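**Q** Dropping a structure here in structure tokens format, bear with me for questions.
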Amino acid sequence: MLFASTGTQGERSTPAVAEQLKLIPGAAPGAVGLALCLCSLEAHRFPVVQQVSSESSTLSTTVAVLALVALALYYRFARTKVLRKPSVVTAVATAGTLCLYAYYALGGTEGDAPFAAKATLGLFSAISATIAAAWVENLYGKSPIAAACLFIAALPLVFCLQSLVGLLTPSVAKGTSALFPFMSAVFLMLFRKSDRFSLPLSGRSASDLLERSGKTPAQTRKALMIVGVAVFCFGVFFSKMHAGWLPSQTSWGATSIQIASASGALVAGGILALVDPLPGKRNGVLVCESLILVFVLLSIYLSTFTTGSFAILYLVPLNTSQKVMLYLLFYACLAAPRVSARMTAFCLLFASFRAGYPLFHAVTDAAEPLYGTVVEDLLFIVALAVAVGLLVLVMAVPSLLPVQHAASPEEERPENAQDDPVPYKEIAFYFLFGQKYGLTQREVEVLPLLAAGRNAKAVADELYVTQATAKTHLRNIYAKLDVHTQKDLVELVDRERRSLLEQLPSWYVKR
């Protein structure tokens with residue numbers, strides 16, 4: 001019951017992130033696995049593992065962008081969602097771990113890496129992007145509140161994992177970081193298994209948030225395009241700022257750089273948990289955009305006016321703004337009504353964010369012989385100005401937000417209205433219904449969707465299963481209920497509901 005009432009009668013408020021996590025089945029393996037996944041995206045360029053070069057980072061990022069575009073096409077057009085199969089995810093994660101081991105063995109961490117090592121690194125980047133997509137798809141299959149809380153809870157764990165690797169010797173750090181993709185897949189399987197009884201009616205859905213914002217699909221696409229342009233410009237900004245510490249890796253020390261970078265995830269997780277920008281909260285998107293703007297400006301200030309050993313401090317707000325940006329991408333795509341549409345939007349937005357890095361270096365490298373660093377500085381200023389301008393624009397015009405803030409209780413509820421207990425009654429009804437007819441736990445979760453008129457494809461998208469699995473559940477439910485059509489099923493459910501209501505006290509039915 002993710003929207004439990006915690007205030008006075010007639011008000012509904014969302015508990016803090018820590019309280020929400022207690023209500024989420026499998027929150028512990030979910031947060032740990034997602035943290036491992038986020039670490040996998042950067043495992044090949046941990047400062048303690050290697051002296052990162054601009055060339056290797058550009059190659060890996062380019063391949064990751066292409067992989068994300070391919071994933072967006074996969075989620076848009078593929079009928080069989082193979083990434084929903086545990087065996088496929090495990091195989092892909094194992095391949096990622098082996099690729100990273102091979103990259104280290106082929107001398108990829110040395111200054112002049114051979115082509116085989118670069119190709120292996122590119123393959124690893126594509127695999128890590130695929131694992132991230134599998135995790136996000138799992139989260140999008142949950143309640144928006146649960147998904148957002150798990151994402152926020154994973155950020156402090158990212159700090160712990162990256163700091164731990166930073167304290168290890170290079171050889172041990174290589175072996176440990178290479179295991180991140182495989183361990184992330186293991187925790188993904190544990191997270192799936194721990195997902196216990198959870199009816200779709202028990203939380204506010206993403207499509208409900210879209211309906212409450214009053215946006216049409218065309219308006220939602222327009223809002224997501226604005227976000228895409230902004231995150232691309234921020235990708236260019238991060239490219240320039242990231243390149244600033246590459247020449248100073250030796251003087252600053254790999255461990256110091258890694259811990260400073262990891263601290264950004266800790267700060268981001270703490271602030272997001274404090275300000276509580278969860279789906280359904282008023283101005284949640286605006287809060288995230290404000291945080292990004294503040295930490296971007298702070299990182300510029302620190303990189304300009306701090307010297308010596310304190311110059312490394314700019315990495316903290318820089319990586320804080322990066323992690324908040326990832327959360328904003330995840331949050332914004334909740335505006336799409338279905339899991340497949342959310343995943344398509346997320347992959348494209350994430351690709352636009354990462355595309356800023358290789359494009360920035362391609363343009364500056366081509367222009368440097370003719371114009372020196374003028375083009376590099378100009379591109380950086382223009383990208384930052386456009387990104388900040390778009391943030392200010394959506395702050396001034398909230399209708400441009402992909403997920404507009406939810407209405408306050410006073411706005412959405414008539415005067416003297418009482419809390420609506422129907423969702424909780426429905427959960428109890430379907431639970432008793434399942435016990436009466438011998439339905440399994442998963443079949444009880446499918447039943448409300450069938451009663452609402454959903455077909456097998458819609459059930460598969462809602463419950464994050466393959467369409468073949470959904471059809472199997474449908475056949476089993478029809479057999480146990482002794483019905484032959486969906487119309488017969490709906491009529492049976494209605495009869496059982498009326499029968500149950502007749503047995504309940506009148507004060508409970510009317511409250």
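Scheme for the structure tokens: letters A, B, ... for chains in order shown; per-chain residue numbers from 1; ligand numbers from 1 in order shown.
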Counting only C-alpha atoms, what is within 6 Å of segment 34-46 of chain A, bar same-chain residues fewer than 5 positions away, as a list in words?
**A**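 That gives Val52, Ser128, Ala154, Leu157, Val158, Ser177, Phe180, Pro181 and Ser184 of chain A.
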**Q** Just how far from atom CA of Ala93 of chain A is atom CA of Ile131 of chain A, in Å to one decimal?
**A**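 Pair atom CA of Ile131 of chain A / atom CA of Ala93 of chain A returns 6.8 Å.
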**Q** Find the residue from A:Phe115, A:Tyr357, A:Tyr314, A:Phe330 that sits nearest to Leu150 of chain A; use only C-alpha atoms when measuring.
**A**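 The answer is A:Phe330, which sits nearest to Leu150 of chain A.
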**Q** Residues at most 12 Å from Ser299 of chain A, counting only C-alpha atoms, excluding those fewer than 2 positions away in the same chain, as a tab-separated table (two decimals) with N, CA, C and O atoms, in the first residue's frame?
**A**
chain	number	residue	atom	x	y	z
A	237	PHE	N	28.63	18.91	-21.57
A	237	PHE	CA	29.21	19.56	-20.38
A	237	PHE	C	30.02	18.57	-19.56
A	237	PHE	O	31.16	18.86	-19.17
A	238	PHE	N	29.46	17.39	-19.30
A	238	PHE	CA	30.17	16.39	-18.52
A	238	PHE	C	31.43	15.92	-19.24
A	238	PHE	O	32.43	15.58	-18.60
A	240	LYS	N	33.43	17.73	-21.17
A	240	LYS	CA	34.46	18.75	-20.96
A	240	LYS	C	34.99	18.68	-19.52
A	240	LYS	O	36.21	18.71	-19.30
A	241	MET	N	34.09	18.59	-18.55
A	241	MET	CA	34.51	18.55	-17.15
A	241	MET	C	35.24	17.26	-16.84
A	241	MET	O	36.20	17.24	-16.05
A	242	HIS	N	34.79	16.15	-17.43
A	242	HIS	CA	35.46	14.87	-17.20
A	242	HIS	C	36.89	14.91	-17.73
A	242	HIS	O	37.82	14.39	-17.11
A	244	GLY	N	38.84	17.24	-17.73
A	244	GLY	CA	39.70	18.09	-16.93
A	244	GLY	C	40.59	17.34	-15.97
A	244	GLY	O	41.68	17.81	-15.64
A	261	SER	N	34.90	10.97	-6.79
A	261	SER	CA	33.83	10.71	-7.77
A	261	SER	C	32.69	9.93	-7.14
A	261	SER	O	31.52	10.22	-7.36
A	264	GLY	N	29.97	11.68	-5.04
A	264	GLY	CA	28.84	12.30	-5.72
A	264	GLY	C	27.58	11.46	-5.64
A	264	GLY	O	26.48	11.98	-5.48
A	292	ILE	N	20.07	19.64	-10.25
A	292	ILE	CA	21.07	19.53	-11.32
A	292	ILE	C	21.70	20.89	-11.58
A	292	ILE	O	22.94	21.00	-11.69
A	293	LEU	N	20.89	21.91	-11.69
A	293	LEU	CA	21.40	23.25	-11.98
A	293	LEU	C	22.33	23.74	-10.87
A	293	LEU	O	23.42	24.26	-11.15
A	294	VAL	N	21.95	23.53	-9.63
A	294	VAL	CA	22.78	23.98	-8.50
A	294	VAL	C	24.14	23.28	-8.50
A	294	VAL	O	25.19	23.93	-8.37
A	295	PHE	N	24.14	21.96	-8.66
A	295	PHE	CA	25.41	21.23	-8.58
A	295	PHE	C	26.28	21.42	-9.82
A	295	PHE	O	27.51	21.36	-9.72
A	296	VAL	N	25.67	21.68	-10.97
A	296	VAL	CA	26.46	22.00	-12.15
A	296	VAL	C	27.21	23.31	-11.95
A	296	VAL	O	28.42	23.42	-12.21
A	297	LEU	N	26.50	24.31	-11.48
A	297	LEU	CA	27.16	25.61	-11.24
A	297	LEU	C	28.21	25.51	-10.14
A	297	LEU	O	29.28	26.13	-10.23
A	301	TYR	N	32.24	26.35	-10.44
A	301	TYR	CA	32.91	27.27	-9.51
A	301	TYR	C	34.13	26.61	-8.87
A	301	TYR	O	35.22	27.20	-8.82
A	302	LEU	N	33.98	25.39	-8.40
A	302	LEU	CA	35.09	24.71	-7.72
A	302	LEU	C	36.24	24.40	-8.69
A	302	LEU	O	37.41	24.48	-8.31
A	303	SER	N	35.90	24.03	-9.92
A	303	SER	CA	36.96	23.73	-10.88
A	303	SER	C	37.72	24.97	-11.31
A	303	SER	O	38.86	24.89	-11.76
A	304	THR	N	37.10	26.14	-11.16
A	304	THR	CA	37.73	27.39	-11.60
A	304	THR	C	38.54	28.06	-10.48
A	304	THR	O	39.63	28.58	-10.72
A	305	PHE	N	38.02	27.99	-9.26
A	305	PHE	CA	38.61	28.80	-8.19
A	305	PHE	C	39.31	27.98	-7.11
A	305	PHE	O	39.76	28.55	-6.12
A	306	THR	N	39.41	26.68	-7.25
A	306	THR	CA	40.16	25.88	-6.29
A	306	THR	C	41.43	25.37	-6.94
A	306	THR	O	41.44	25.03	-8.13
A	311	ALA	N	41.51	21.05	-5.66
A	311	ALA	CA	40.93	21.10	-7.00
A	311	ALA	C	40.10	19.87	-7.31
A	311	ALA	O	39.19	19.91	-8.15
A	312	ILE	N	40.40	18.77	-6.64
A	312	ILE	CA	39.67	17.53	-6.89
A	312	ILE	C	38.23	17.59	-6.38
A	312	ILE	O	37.39	16.76	-6.75
A	313	LEU	N	37.94	18.56	-5.53
A	313	LEU	CA	36.61	18.64	-4.93
A	313	LEU	C	35.50	18.86	-5.96
A	313	LEU	O	34.35	18.53	-5.71
A	314	TYR	N	35.85	19.41	-7.12
A	314	TYR	CA	34.79	19.67	-8.10
A	314	TYR	C	34.17	18.38	-8.62
A	314	TYR	O	33.06	18.39	-9.17
A	315	LEU	N	34.87	17.26	-8.46
A	315	LEU	CA	34.32	15.97	-8.91
A	315	LEU	C	33.09	15.57	-8.09
A	315	LEU	O	32.23	14.83	-8.59
A	316	VAL	N	33.00	16.04	-6.84
A	316	VAL	CA	31.85	15.67	-6.00
A	316	VAL	C	30.55	16.25	-6.55
A	316	VAL	O	29.61	15.50	-6.85
A	317	PRO	N	30.43	17.59	-6.71
A	317	PRO	CA	29.18	18.11	-7.29
A	317	PRO	C	28.97	17.69	-8.74
A	317	PRO	O	27.82	17.55	-9.18
A	318	LEU	N	30.07	17.47	-9.48
A	318	LEU	CA	29.92	17.04	-10.87
A	318	LEU	C	29.23	15.68	-10.95
A	318	LEU	O	28.27	15.50	-11.71
A	319	ASN	N	29.69	14.73	-10.15
A	319	ASN	CA	29.08	13.40	-10.17
A	319	ASN	C	27.73	13.38	-9.46
A	319	ASN	O	26.88	12.55	-9.76
A	320	THR	N	27.52	14.31	-8.51
A	320	THR	CA	26.19	14.44	-7.91
A	320	THR	C	25.17	14.84	-8.96
A	320	THR	O	24.09	14.24	-9.06
A	321	SER	N	25.50	15.83	-9.77
A	321	SER	CA	24.57	16.26	-10.82
A	321	SER	C	24.37	15.16	-11.86
A	321	SER	O	23.26	15.01	-12.39
A	322	GLN	N	25.40	14.36	-12.10
A	322	GLN	CA	25.25	13.25	-13.06
A	322	GLN	C	24.27	12.20	-12.55
A	322	GLN	O	23.41	11.71	-13.30
**Q** Could you give me, as a list in words, the residues within 10 Å of Pro448 of chain A, counting only C-alpha atoms and dropping anything in the same chain fewer than 3 positions from it?
**A** Leu199, Pro200, Leu201, Glu426, Ile427, Tyr430, Glu443, Val444, Glu445, Ala451, Ala452, Gly453, Arg454, Val459, Val490 and Val493 of chain A
**Q** Of the residues A:Thr373, A:Ser499, A:Gln441, A:Ser340, which is the one nearest to Glu137 of chain A, using only C-alpha atoms?
**A**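 Selected residue with least distance to Glu137 of chain A: A:Ser340.
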**Q** Please measure the separation of atom CA of Ala78 of chain A and atom CA of Met183 of chain A, giving the value in Å to one decimal.
**A**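 Atom CA of Met183 of chain A lies at a distance of 27.1 Å from atom CA of Ala78 of chain A.
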**Q** Show me, as a PyMOL selection string, the residues that have an atom within 8 Å of Phe234 of chain A when counting only C-alpha atoms, minus same-chain residues fewer than 4 positions from it.
**A** chain A and resi 230+238+353+356+383-384+387
**Q** So that I have them on file, write out the residues from the current selection with N, CA and C atoms, as a PDB file, in the first residue's frame.
**A**
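Listing of out_32.pdb after writing:
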ATOM      1  N   ALA A 230      18.086  18.647 -23.531  1.00  0.00           N
ATOM      2  CA  ALA A 230      18.780  19.137 -22.336  1.00  0.00           C
ATOM      3  C   ALA A 230      19.844  18.155 -21.869  1.00  0.00           C
ATOM      4  N   PHE A 238      29.457  17.393 -19.298  1.00  0.00           N
ATOM      5  CA  PHE A 238      30.175  16.389 -18.519  1.00  0.00           C
ATOM      6  C   PHE A 238      31.432  15.920 -19.242  1.00  0.00           C
ATOM      7  N   PHE A 353      22.149  11.350 -23.738  1.00  0.00           N
ATOM      8  CA  PHE A 353      23.044  11.834 -22.684  1.00  0.00           C
ATOM      9  C   PHE A 353      24.488  11.379 -22.935  1.00  0.00           C
ATOM     10  N   GLY A 356      26.774  12.873 -25.980  1.00  0.00           N
ATOM     11  CA  GLY A 356      27.482  14.136 -25.866  1.00  0.00           C
ATOM     12  C   GLY A 356      28.988  13.967 -25.792  1.00  0.00           C
ATOM     13  N   ALA A 383      26.574  24.578 -25.172  1.00  0.00           N
ATOM     14  CA  ALA A 383      25.868  23.424 -24.617  1.00  0.00           C
ATOM     15  C   ALA A 383      25.357  23.721 -23.213  1.00  0.00           C
ATOM     16  N   LEU A 384      26.207  24.340 -22.404  1.00  0.00           N
ATOM     17  CA  LEU A 384      25.788  24.662 -21.038  1.00  0.00           C
ATOM     18  C   LEU A 384      24.658  25.691 -21.038  1.00  0.00           C
ATOM     19  N   ALA A 387      21.393  23.923 -22.112  1.00  0.00           N
ATOM     20  CA  ALA A 387      20.888  23.040 -21.056  1.00  0.00           C
ATOM     21  C   ALA A 387      20.264  23.835 -19.917  1.00  0.00           C
TER      22      ALA A 387
END
**Q** Pick the closest to Ala173 of chain A from A:Val49, A:Leu59, A:Cys288, A:Ala268: which is it, counting only C-alpha atoms?
**A**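 Distance minimum relative to Ala173 of chain A lands on A:Val49.
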